[in-house]
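This report concerns only the one structure given below.
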Amino acid sequence: MADQRTRAVVVAGARTPFVRAFTDFTRLDSIALAGAAVRGLLERSGIAPGEIQSIVWGGVILPSHAPNIAREVALDLNLDFGCEGYTVTRACASGLQAVTSAAAAIERGEYDIMIAGGSDSTSNAEIKLPQKVVHAVAPVALGKPKPKDYLDVVRRLAPYTDILPRQPKISERTTGEVMGESAEKMARINGISRADQDEFAARSHHRAAAAIASGRFDDEVVPVTTPSGTRIDTDGLVRANTSVDKLATLSPVFAKGGTVTAGNASPLTDGAAAVLLMSEEKARALGFTPLAAIRSWSFVSVDPADQVLIGPAISMPRALDKAGLTLADIDLVDIHEAFAAQTLSVLRMLESPEWAKTRLDRDEAVGSVDIDKLNVHGGSISLGHPFGATGARMVTTMANELARTGKETALLGICAAGGIGASAVLERV
């Protein structure tokens with residue numbers, strides 16, 4: 001995708017700890033979390049703040065009062081006023097969209113130094129008023145009402161049975177299907193058992209716990225001090241002592257007799273992640289050693305009424321094709337764990353000759369992923385999933401792992417609402 005003259009490279013990455021929604025970060029909205037991650041990235045990397053030319057940020061639950069989080073971060077951190085910024089939203093692939101958008105801009109020569117990332121605060125999700133209330137109240141709130149106008153509002157709101165705020169739901173707009181229901185459907189279609197899901201979830205927790213204990217995340221996690229003065233410096237959702245037996249005691253959440261539980265699904269999470277990208281030439285001129293380069297990426301869509309979260313089984317092979325690689329060439333595979341059922345379904349489709357023929361126009365299956373190469377430091381089930389941040393977290397972790405271990409390539413896969421699949425190939429520089 002990039003030519004030899006301009007290659008976008010990852011120089012550094014930083015993220016806040018990921019914590020369960022409505023706990024430690026409740027008083028920090030997505031802008032504040034984004035600022036914490038970017039501030040930590042600047043401090044850890046040593047880049048002069050004035051050098052940042054542009055920010056691209058990803059988010060899903062955007063604050064209505066200031067939805068362009070990227071620009072707000074630049075202003076909050078007193079970056080150069082010329083540092084422009086824009087915000088992208090592509091459901092759970094928003095963080096990866098931000099990173100690839102920045103990489104594309106660098107490859108085109110628009111900028112030499114950019115920050116990309118994402119954040120979300122489920123704790124600060126806004127409660128939506130029914131449109132009936134908005135339509136009745138807005139003319140009064142925004143105009144110069146007379147006494148009779150207030151009486152008119154009361155009249156227009158009647159009957160009053162449908163004016164209460166509505167509970168937010170993580171569901172498909174076109175189908176009404178809740179994501180957990182989608183995962184249940186995938187488990188049924190692809191023959192993913194409850195035992196397989198619980199085993200996958202337990203492994204995610206154990207690997208994440210091992211990464212924390214070994215200091216593997218020390219290079220990427222930056223501490224955050226909450227408004228109350230509490231310092232949070234470690235991911236808060238990882239359970240080192242969980243087991244398949246413990247997970248087996250949890251009840252299904254989305255279907256009677258189902259297989260998806262709170263233990264084998266990603267939890268609602270608050271957090272942010274940021275990535276520093278440069279042209280390779282600029283990085284070396286400034287004395288930075290790049291961690292990895294972004295070799296290719298692919299974004300695809302599937303029918304949400306079918307398997308809404310199966311997209312990576314198409315985007316991952318396409319990213320490999322664009323990179324001129326096969327699955328056998330890849331050293332590390334990192335797949336977003338929205339649900340164990342979803343991740344296992346994607347892996348099963350990559351192994352399927354029928355899927356290859358009917359969905360990928362290939363004669364042979366993409367291949368099997370070695371479990372020792374997959375999500376080596378855990379994933380969204382154990383670490384958590386702040387919707388807009390996950391893609392940037394994955395890029396950061398994999399770039400660090402390539403630089404640390406000397407391995408050559410990493411393949412990323414992310415499912416997202418709307419039937420989106422998102423993938424990228426990173427290569428060691």
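How things are named: the first chain in the structure tokens is A, the next is B, and so on; residues count from 1 in each chain; ligands count from 1 in the order shown.
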Contact table segment 268-310 of chain A vs segment 18-35 of chain A, cut-off 12 Å, shortest pair per residue, only C-alpha atoms, as a Markdown table:
```
| residue | atom | partner | partner_atom | distance |
| --- | --- | --- | --- | --- |
| A:Leu268 | CA | A:Ala21 | CA | 5.6 |
| A:Thr269 | CA | A:Arg20 | CA | 4.6 |
| A:Asp270 | CA | A:Ala21 | CA | 5.4 |
| A:Gly271 | CA | A:Phe18 | CA | 5.0 |
| A:Ala272 | CA | A:Ala34 | CA | 5.4 |
| A:Ala273 | CA | A:Ala34 | CA | 7.2 |
| A:Ala274 | CA | A:Ala34 | CA | 7.7 |
| A:Val275 | CA | A:Ala34 | CA | 11.3 |
```
Quick one: write out the picked residues with N, CA and C atoms as a PDB file, in the first residue's frame?
```pdb
ATOM      1  N   LEU A 268     -18.571  -3.928  29.512  1.00  0.00           N
ATOM      2  CA  LEU A 268     -18.645  -2.491  29.255  1.00  0.00           C
ATOM      3  C   LEU A 268     -17.470  -1.817  29.957  1.00  0.00           C
ATOM      4  N   THR A 269     -16.742  -1.002  29.229  1.00  0.00           N
ATOM      5  CA  THR A 269     -15.434  -0.543  29.677  1.00  0.00           C
ATOM      6  C   THR A 269     -15.225   0.927  29.364  1.00  0.00           C
ATOM      7  N   ASP A 270     -14.461   1.613  30.209  1.00  0.00           N
ATOM      8  CA  ASP A 270     -14.012   2.979  29.964  1.00  0.00           C
ATOM      9  C   ASP A 270     -12.504   2.970  29.734  1.00  0.00           C
ATOM     10  N   GLY A 271     -12.041   3.746  28.744  1.00  0.00           N
ATOM     11  CA  GLY A 271     -10.598   3.809  28.506  1.00  0.00           C
ATOM     12  C   GLY A 271     -10.273   4.496  27.201  1.00  0.00           C
ATOM     13  N   ALA A 272      -8.971   4.668  26.961  1.00  0.00           N
ATOM     14  CA  ALA A 272      -8.488   5.342  25.754  1.00  0.00           C
ATOM     15  C   ALA A 272      -7.118   4.791  25.383  1.00  0.00           C
ATOM     16  N   ALA A 273      -6.803   4.873  24.098  1.00  0.00           N
ATOM     17  CA  ALA A 273      -5.496   4.446  23.596  1.00  0.00           C
ATOM     18  C   ALA A 273      -5.055   5.383  22.486  1.00  0.00           C
ATOM     19  N   ALA A 274      -3.752   5.657  22.412  1.00  0.00           N
ATOM     20  CA  ALA A 274      -3.221   6.596  21.425  1.00  0.00           C
ATOM     21  C   ALA A 274      -1.947   6.034  20.807  1.00  0.00           C
ATOM     22  N   VAL A 275      -1.746   6.347  19.527  1.00  0.00           N
ATOM     23  CA  VAL A 275      -0.595   5.857  18.772  1.00  0.00           C
ATOM     24  C   VAL A 275       0.104   7.043  18.097  1.00  0.00           C
TER      25      VAL A 275
END
```
- Message: So that I can check the secondary structure, give me every residue of segment 223-385 of chain A assigned strand (DSSP E or B) by backbone DSSP, as a ChimeraX atom specification.
- Response: /A:224-225,231-232,265,268-279,292-301,332-335,339,374,376,378,385
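Among the candidate residues A:Ala8, A:Leu325, A:Ala213, A:Leu42, the one lying nearest to Asp112 of chain A is A:Ala8, with distances computed using only C-alpha atoms.
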- Can you pull out every residue within 8 Å of Glu84 of chain A, counting only C-alpha atoms, but drop anything in the same chain fewer than 5 positions away, and send it as a ChimeraX atom specification? /A:53-55,71,74
Residues of the last selection are to be written out with N, CA, C and O atoms, as a PDB file, in the first residue's frame.
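Output contents, as saved in selection-v4.pdb:
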```
ATOM      1  N   GLN A  53       1.306  17.437  14.169  1.00  0.00           N
ATOM      2  CA  GLN A  53       0.658  18.214  13.113  1.00  0.00           C
ATOM      3  C   GLN A  53      -0.844  17.954  13.007  1.00  0.00           C
ATOM      4  O   GLN A  53      -1.595  18.801  12.531  1.00  0.00           O
ATOM      5  N   SER A  54      -1.260  16.767  13.425  1.00  0.00           N
ATOM      6  CA  SER A  54      -2.669  16.422  13.271  1.00  0.00           C
ATOM      7  C   SER A  54      -3.018  15.269  14.202  1.00  0.00           C
ATOM      8  O   SER A  54      -2.160  14.440  14.534  1.00  0.00           O
ATOM      9  N   ILE A  55      -4.281  15.231  14.619  1.00  0.00           N
ATOM     10  CA  ILE A  55      -4.799  14.133  15.433  1.00  0.00           C
ATOM     11  C   ILE A  55      -6.025  13.559  14.735  1.00  0.00           C
ATOM     12  O   ILE A  55      -6.891  14.299  14.260  1.00  0.00           O
ATOM     13  N   ARG A  71      -9.979  17.399  18.074  1.00  0.00           N
ATOM     14  CA  ARG A  71      -9.644  18.823  18.198  1.00  0.00           C
ATOM     15  C   ARG A  71      -9.693  19.272  19.654  1.00  0.00           C
ATOM     16  O   ARG A  71      -8.880  20.089  20.090  1.00  0.00           O
ATOM     17  N   ALA A  74      -6.430  18.391  21.302  1.00  0.00           N
ATOM     18  CA  ALA A  74      -5.360  19.314  20.916  1.00  0.00           C
ATOM     19  C   ALA A  74      -5.445  20.625  21.700  1.00  0.00           C
ATOM     20  O   ALA A  74      -4.421  21.172  22.140  1.00  0.00           O
TER      21      ALA A  74
END
```
What lies within 9 Å of Glu364 of chain A using only C-alpha atoms, ignoring chain neighbours under 3 positions off, as an mmCIF file with N, CA, C and O atoms, in the first residue's frame?
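Writing the result to selection18.cif gives the following:
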```
data_model
loop_
_atom_site.group_PDB
_atom_site.id
_atom_site.type_symbol
_atom_site.label_atom_id
_atom_site.label_comp_id
_atom_site.auth_asym_id
_atom_site.auth_seq_id
_atom_site.Cartn_x
_atom_site.Cartn_y
_atom_site.Cartn_z
ATOM 1 N N SER A 352 -12.338 -22.934 6.963
ATOM 2 C CA SER A 352 -13.383 -23.579 6.172
ATOM 3 C C SER A 352 -13.149 -23.474 4.661
ATOM 4 O O SER A 352 -13.141 -22.365 4.106
ATOM 5 N N PRO A 353 -13.016 -24.616 3.961
ATOM 6 C CA PRO A 353 -12.915 -24.573 2.493
ATOM 7 C C PRO A 353 -14.198 -24.019 1.850
ATOM 8 O O PRO A 353 -14.124 -23.305 0.841
ATOM 9 N N GLU A 354 -15.359 -24.334 2.452
ATOM 10 C CA GLU A 354 -16.612 -23.830 1.902
ATOM 11 C C GLU A 354 -16.690 -22.315 2.002
ATOM 12 O O GLU A 354 -17.116 -21.636 1.055
ATOM 13 N N ALA A 356 -14.183 -20.299 2.097
ATOM 14 C CA ALA A 356 -13.213 -19.781 1.126
ATOM 15 C C ALA A 356 -13.814 -19.718 -0.270
ATOM 16 O O ALA A 356 -13.640 -18.727 -0.996
ATOM 17 N N LYS A 357 -14.558 -20.756 -0.651
ATOM 18 C CA LYS A 357 -15.113 -20.812 -1.996
ATOM 19 C C LYS A 357 -16.300 -19.873 -2.172
ATOM 20 O O LYS A 357 -16.420 -19.181 -3.191
ATOM 21 N N GLY A 367 -6.695 -20.878 6.304
ATOM 22 C CA GLY A 367 -5.778 -21.625 7.156
ATOM 23 C C GLY A 367 -6.174 -21.577 8.614
ATOM 24 O O GLY A 367 -7.115 -20.877 9.011
#
```
- Pick out each residue of segment 208-372 of chain A that DSSP on the backbone tags as helix (DSSP H, G or I); I need them as a PyMOL selection string. chain A and resi 208-214+244-247+280-285+312-323+327-329+340-350+353-359
Dump as a short mmCIF file (atom, residue, chain, number, x, y, z; two decimals), in the first residue's frame, selection limited to C-alpha atoms:
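result31.cif, freshly written:
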```
data_model
loop_
_atom_site.label_atom_id
_atom_site.label_comp_id
_atom_site.auth_asym_id
_atom_site.auth_seq_id
_atom_site.Cartn_x
_atom_site.Cartn_y
_atom_site.Cartn_z
CA ALA A 208 -3.55 -10.90 30.19
CA ALA A 209 -2.67 -11.58 33.83
CA ALA A 210 0.68 -13.03 32.79
CA ALA A 211 1.36 -9.97 30.62
CA ILE A 212 0.64 -7.65 33.54
CA ALA A 213 2.76 -9.69 35.95
CA SER A 214 5.70 -9.82 33.53
CA VAL A 244 -13.21 -22.89 33.14
CA ASP A 245 -14.99 -24.36 36.16
CA LYS A 246 -15.78 -20.91 37.56
CA LEU A 247 -16.95 -19.61 34.21
CA GLU A 280 9.80 6.61 8.47
CA GLU A 281 12.12 9.32 7.18
CA LYS A 282 10.94 11.84 9.80
CA ALA A 283 11.14 9.27 12.60
CA ARG A 284 14.76 8.48 11.83
CA ALA A 285 15.62 12.16 11.36
CA PRO A 312 -13.01 -10.28 10.07
CA ALA A 313 -13.23 -13.65 8.31
CA ILE A 314 -13.28 -11.58 5.11
CA SER A 315 -11.19 -8.52 6.05
CA MET A 316 -8.29 -10.57 7.44
CA PRO A 317 -7.72 -12.55 4.20
CA ARG A 318 -8.06 -9.35 2.17
CA ALA A 319 -5.48 -7.55 4.32
CA LEU A 320 -3.16 -10.52 3.82
CA ASP A 321 -3.69 -10.38 0.06
CA LYS A 322 -2.90 -6.66 -0.01
CA ALA A 323 0.28 -7.33 1.94
CA LEU A 327 -1.69 -16.73 7.02
CA ALA A 328 1.29 -19.08 7.28
CA ASP A 329 3.61 -16.06 6.94
CA ALA A 340 -15.67 -15.80 22.58
CA ALA A 341 -18.37 -17.18 20.25
CA GLN A 342 -17.62 -14.49 17.67
CA THR A 343 -13.83 -14.94 17.76
CA LEU A 344 -14.10 -18.72 17.54
CA SER A 345 -16.55 -18.39 14.66
CA VAL A 346 -14.10 -16.21 12.74
CA LEU A 347 -11.32 -18.74 13.32
CA ARG A 348 -13.57 -21.54 12.14
CA MET A 349 -14.43 -19.69 8.93
CA LEU A 350 -10.75 -19.10 8.19
CA PRO A 353 -12.92 -24.57 2.49
CA GLU A 354 -16.61 -23.83 1.90
CA TRP A 355 -16.27 -20.31 3.32
CA ALA A 356 -13.21 -19.78 1.13
CA LYS A 357 -15.11 -20.81 -2.00
CA THR A 358 -18.43 -19.07 -1.32
CA ARG A 359 -17.29 -15.89 0.41
#
```
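From atom CA of Ala292 of chain A back to atom CA of Thr326 of chain A, the distance works out to 18.7 Å.
Distances to Gly58 of chain A were evaluated for A:Arg404, A:Arg203, A:Arg393, A:Arg155 using only C-alpha atoms, and the minimum falls at A:Arg393.
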- Within 7 Å of segment 91-105 of chain A using only C-alpha atoms, minus same-chain residues under 3 positions, as a ChimeraX atom specification: /A:8,56-60,88,108-111,114,116-118,387-392,414-417,422
For the selection you just gave me, I'd like the residues written to a file as a PDB file, in the first residue's frame, keeping C-alpha atoms.
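Resulting contents of selection_2.pdb:
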```
ATOM      1  CA  ALA A   8       3.938   5.211   7.825  1.00  0.00           C
ATOM      2  CA  VAL A  56      -7.287  11.542  14.202  1.00  0.00           C
ATOM      3  CA  TRP A  57      -9.509  10.092  16.899  1.00  0.00           C
ATOM      4  CA  GLY A  58     -12.030   7.283  16.992  1.00  0.00           C
ATOM      5  CA  GLY A  59     -15.123   7.106  19.150  1.00  0.00           C
ATOM      6  CA  VAL A  60     -18.534   5.488  19.292  1.00  0.00           C
ATOM      7  CA  VAL A  88     -14.034   9.123  12.974  1.00  0.00           C
ATOM      8  CA  ARG A 108       0.140  10.805   0.817  1.00  0.00           C
ATOM      9  CA  GLY A 109       2.575  13.338   2.219  1.00  0.00           C
ATOM     10  CA  GLU A 110      -0.014  15.452   4.028  1.00  0.00           C
ATOM     11  CA  TYR A 111       1.768  15.221   7.374  1.00  0.00           C
ATOM     12  CA  MET A 114       0.392  12.439  13.662  1.00  0.00           C
ATOM     13  CA  ALA A 116      -4.252   8.531  16.161  1.00  0.00           C
ATOM     14  CA  GLY A 117      -6.319   6.657  18.696  1.00  0.00           C
ATOM     15  CA  GLY A 118      -9.686   6.264  20.269  1.00  0.00           C
ATOM     16  CA  PHE A 387     -15.391   0.717  21.888  1.00  0.00           C
ATOM     17  CA  GLY A 388     -13.318   3.384  20.136  1.00  0.00           C
ATOM     18  CA  ALA A 389     -10.049   2.497  21.858  1.00  0.00           C
ATOM     19  CA  THR A 390      -9.677  -1.205  21.112  1.00  0.00           C
ATOM     20  CA  GLY A 391      -8.166  -0.866  17.638  1.00  0.00           C
ATOM     21  CA  ALA A 392      -5.474   1.523  18.871  1.00  0.00           C
ATOM     22  CA  ILE A 414     -11.891  -6.514  14.458  1.00  0.00           C
ATOM     23  CA  CYS A 415     -15.643  -7.044  14.152  1.00  0.00           C
ATOM     24  CA  ALA A 416     -17.981  -4.084  14.425  1.00  0.00           C
ATOM     25  CA  ALA A 417     -21.657  -3.173  14.372  1.00  0.00           C
ATOM     26  CA  ALA A 422     -11.604  -4.415   9.899  1.00  0.00           C
TER      27      ALA A 422
END
```
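Closest approach to Val154 of chain A among A:Pro17, A:Met398, A:Val137, A:Ala265: A:Val137, based on only C-alpha atoms.
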- Message: List the spatial neighbours of Thr409 of chain A as a VMD selection string - criterion: any atom at most 8 Å away, only C-alpha atoms, same-chain residues fewer than 4 positions off excluded.
- Response: chain A and resid 329 to 332 402 425 to 428
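The interatomic distance for the pair atom CA of Ala399 of chain A and atom CA of Val10 of chain A works out to 7.1 Å.
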